[in-house]
file input_33.cif (mmCIF, C-alpha atoms and all ligand atoms)
data_upload
loop_
_atom_site.label_atom_id
_atom_site.label_comp_id
_atom_site.auth_asym_id
_atom_site.auth_seq_id
_atom_site.Cartn_x
_atom_site.Cartn_y
_atom_site.Cartn_z
CA MET A 1 -2.71 0.49 -10.49
CA ASN A 2 -6.14 -0.92 -9.94
CA ILE A 3 -8.41 1.60 -8.25
CA ASP A 4 -11.66 0.05 -9.42
CA GLY A 5 -14.50 0.44 -6.98
CA VAL A 6 -13.05 3.50 -5.28
CA ASN A 7 -14.66 6.83 -5.96
CA THR A 8 -12.92 8.92 -3.34
CA GLY A 9 -10.69 7.28 -0.81
CA VAL A 10 -7.48 5.38 -0.35
CA VAL A 11 -5.96 2.30 -1.94
CA ILE A 12 -3.14 0.69 0.02
CA ASP A 13 -1.15 -1.52 -2.26
CA HIS A 14 1.85 -3.86 -1.89
CA ILE A 15 0.91 -5.00 1.58
CA GLN A 16 2.88 -8.10 2.50
CA GLU A 17 0.90 -11.23 1.78
CA GLY A 18 -1.31 -12.12 4.74
CA LYS A 19 -0.83 -8.78 6.52
CA GLY A 20 -4.00 -7.16 5.22
CA TRP A 21 -5.99 -7.71 8.38
CA GLU A 22 -3.19 -6.45 10.57
CA ILE A 23 -3.10 -3.20 8.62
CA TYR A 24 -6.89 -3.03 8.72
CA ASN A 25 -6.82 -3.22 12.52
CA LEU A 26 -3.86 -0.88 12.84
CA LEU A 27 -5.72 1.83 10.93
CA GLY A 28 -8.93 1.23 12.88
CA LEU A 29 -10.85 0.51 9.68
CA ASP A 30 -13.42 -1.50 11.61
CA LYS A 31 -14.64 1.83 12.99
CA VAL A 32 -15.01 3.83 9.78
CA ASP A 33 -18.38 4.41 8.19
CA CYS A 34 -17.67 3.53 4.56
CA THR A 35 -16.90 0.63 2.27
CA VAL A 36 -13.64 -1.14 3.00
CA ALA A 37 -12.35 -4.08 0.97
CA ILE A 38 -9.43 -6.29 1.85
CA ILE A 39 -8.12 -8.21 -1.10
CA GLN A 40 -5.77 -11.00 -0.18
CA ARG A 41 -3.13 -12.84 -2.15
CA VAL A 42 -3.30 -10.76 -5.29
CA GLU A 43 -0.75 -11.81 -7.91
CA SER A 44 1.87 -9.11 -8.16
CA THR A 45 4.43 -8.90 -10.89
CA LYS A 46 7.02 -7.35 -8.60
CA TYR A 47 6.83 -9.20 -5.29
CA GLY A 48 4.95 -12.43 -5.80
CA LYS A 49 1.69 -12.26 -3.87
CA LYS A 50 0.41 -9.27 -1.97
CA ASP A 51 -2.60 -7.94 -0.09
CA MET A 52 -4.48 -4.75 -0.84
CA ILE A 53 -6.94 -2.57 1.03
CA LYS A 54 -9.42 -0.28 -0.65
CA VAL A 55 -11.25 2.34 1.35
CA ASP A 56 -14.06 4.08 -0.48
CA GLY A 57 -14.92 7.16 1.50
CA ASP A 58 -13.52 10.46 2.62
CA VAL A 59 -12.26 9.25 5.98
CA ASP A 60 -9.72 10.62 8.35
CA ILE A 61 -7.22 7.83 8.97
CA ASP A 62 -3.67 8.17 10.18
CA LEU A 63 -1.76 6.89 7.17
CA ASP A 64 1.61 8.00 8.56
CA ILE A 65 1.70 5.09 10.98
CA LEU A 66 1.88 2.71 8.02
CA GLY A 67 5.50 3.72 7.59
CA TYR A 68 6.32 2.13 10.92
CA PHE A 69 4.96 -1.15 9.69
CA ASP A 70 6.47 -1.37 6.24
CA THR A 71 7.76 1.44 4.04
CA LYS A 72 7.34 -0.72 0.93
CA MET A 73 3.59 -0.33 0.90
CA THR A 74 2.13 2.11 -1.58
CA VAL A 75 -0.58 4.50 -0.50
CA ASN A 76 -2.69 5.92 -3.30
CA ILE A 77 -5.13 8.75 -2.77
CA VAL A 78 -8.12 8.65 -5.08
CA LYS A 79 -10.51 11.49 -5.89
CA ASN A 80 -13.37 11.17 -8.35
CA HIS A 81 -12.05 7.84 -9.66
CA GLU A 82 -8.65 9.32 -10.36
CA LEU A 83 -5.35 8.68 -8.70
CA VAL A 84 -4.33 12.11 -7.39
CA GLU A 85 -1.45 11.31 -5.07
CA LYS A 86 0.97 8.55 -4.15
CA LEU A 87 2.29 8.86 -0.63
CA LYS A 88 5.86 7.93 0.08
CA LEU A 89 6.03 6.13 3.39
CA THR A 90 8.79 6.93 5.84
CA LEU A 91 9.33 6.04 9.47
CA PRO A 92 7.05 8.31 11.50
CA GLU A 93 8.72 10.69 13.98
CA LYS A 94 6.12 9.87 16.58
CA LEU A 95 4.06 6.80 17.33
CA THR A 96 0.96 7.26 19.40
CA GLY A 97 -0.99 4.24 20.60
CA VAL A 98 0.67 1.82 18.18
CA ILE A 99 3.25 0.00 20.27
CA LYS A 100 3.43 -0.43 24.03
CA CYS A 101 6.27 0.26 26.43
CA LYS A 102 7.37 -2.92 28.19
CA ASN A 103 9.36 -1.32 30.98
CA PRO A 104 7.57 -2.41 34.19
CA ARG A 105 8.76 0.77 35.94
CA CYS A 106 7.40 3.07 33.24
CA ILE A 107 4.47 5.28 34.21
CA THR A 108 2.43 3.72 31.39
CA SER A 109 2.56 0.36 33.22
CA THR A 110 0.87 1.74 36.31
CA GLU A 111 -1.34 4.42 34.77
CA GLN A 112 -3.55 2.53 32.35
CA GLU A 113 -5.15 5.66 30.84
CA ILE A 114 -1.89 7.05 29.49
CA VAL A 115 -1.54 6.60 25.75
CA HIS A 116 1.74 4.95 24.85
CA GLN A 117 3.93 7.33 22.87
CA PHE A 118 7.28 6.81 21.26
CA ARG A 119 9.67 9.01 19.36
CA LEU A 120 12.00 7.97 16.58
CA ALA A 121 15.47 7.91 18.12
CA ASP A 122 17.49 6.13 15.45
CA PRO A 123 16.03 5.99 11.94
CA GLU A 124 18.75 3.75 10.54
CA ASN A 125 18.03 0.97 12.97
CA LYS A 126 14.32 1.75 13.31
CA ARG A 127 14.65 2.44 17.03
CA TYR A 128 11.91 4.09 19.01
CA ARG A 129 12.13 5.38 22.57
CA CYS A 130 9.28 5.73 25.02
CA ILE A 131 8.69 9.43 25.64
CA TYR A 132 8.03 8.76 29.34
CA CYS A 133 10.89 6.50 30.42
CA ASP A 134 13.22 6.74 27.40
CA VAL A 135 13.57 2.97 27.11
CA VAL A 136 14.08 1.61 23.58
CA TYR A 137 11.19 -0.44 22.27
CA LYS A 138 11.91 -4.08 21.48
CA GLU A 139 9.56 -6.37 19.56
ZN ZN A 201 8.07 3.76 28.96
#

call {"tool": "encode", "arguments": {"input": "input_33.cif", "output": "structure tokens", "more": "lines below"}}
Ligand SMILES: [Zn+2]
result
Amino acid sequence: MNIDGVNTGVVIDHIQEGKGWEIYNLLGLDKVDCTVAIIQRVESTKYGKKDMIKVDGDVDIDLDILGYFDTKMTVNIVKNHELVEKLKLTLPEKLTGVIKCKNPRCITSTEQEIVHQFRLADPENKRYRCIYCDVVYKE
């Protein structure tokens, strides 16, 4: 595990090739006040090519939402240049402001200020339901 350049922060590894920017935006890393590096198309022994993100700084980012995206990513927590924890990603129970309800009759369609929220209804099939109208989210 290559954590070079990170003093205290997070290294997200095994991101699907080409998805680095998507993850960057998903985590809101454009808004954090620290060094962030996206490394694209790194040769990986296990999966061919991959992307990586290194965040050097003690920032508060919602890493749980990564599990919605891809549970194969590895999240490494670094403190004082040492790997202190590897997070196991699972499907989050709740998704807040990540996906949007597409039901035109849902309150979130008419009330723009409401934050879209979903709950995990069926983990096996990765199904989420809108907490307002109960409709299942479809890509
Ligand atoms: Zn809804």

call {"tool": "closest_residue", "arguments": {"input": "input_33.cif", "among": "A:Lys46, A:His116, A:Arg41, A:Arg127", "to": "ligand ZN 201 (chain A)", "atoms": "all atoms listed in the file"}}
result
A:His116

call {"tool": "residues_around", "arguments": {"input": "input_33.cif", "residues": "Glu85 in chain A", "least_positions_apart": "3", "cutoff": "8 Å", "atoms": "only C-alpha atoms", "output": "list in words"}}
result
Asn76, Ile77 and Val78 of chain A

call {"tool": "atom_distance", "arguments": {"input": "input_33.cif", "atom1": "CA of Ile53 in chain A", "atom2": "CA of Leu87 in chain A"}}
result
14.8 Å

call {"tool": "atom_distance", "arguments": {"input": "input_33.cif", "atom1": "CA of Lys50 in chain A", "atom2": "CA of Phe118 in chain A"}}
result
29.1 Å

call {"tool": "atom_distance", "arguments": {"input": "input_33.cif", "atom1": "CA of Asn103 in chain A", "atom2": "CA of Ile23 in chain A"}}
result
25.7 Å

call {"tool": "closest_residue", "arguments": {"input": "input_33.cif", "among": "A:Gly5, A:Gln40, A:Glu113, A:Thr71", "to": "Asp56 in chain A", "atoms": "all atoms listed in the file"}}
result
A:Gly5

call {"tool": "residues_near_point", "arguments": {"input": "input_33.cif", "point": "(-5.4, -7.9, -4.2)", "cutoff": "9 Å", "atoms": "all atoms listed in the file", "output": "NGL selection string"}}
result
:A and (13-14 or 38-44 or 49-53)

call {"tool": "closest_residue", "arguments": {"input": "input_33.cif", "among": "A:Ile131, A:Val115, A:Ile107, A:Ala37", "to": "Glu93 in chain A", "atoms": "all atoms listed in the file"}}
result
A:Ile131

call {"tool": "residues_near_ligand", "arguments": {"input": "input_33.cif", "ligand": "ligand ZN 201 (chain A)", "cutoff": "7 Å", "atoms": "only C-alpha atoms and all ligand atoms", "output": "PyMOL selection string"}}
result
chain A and resi 101-103+106-108+130-135
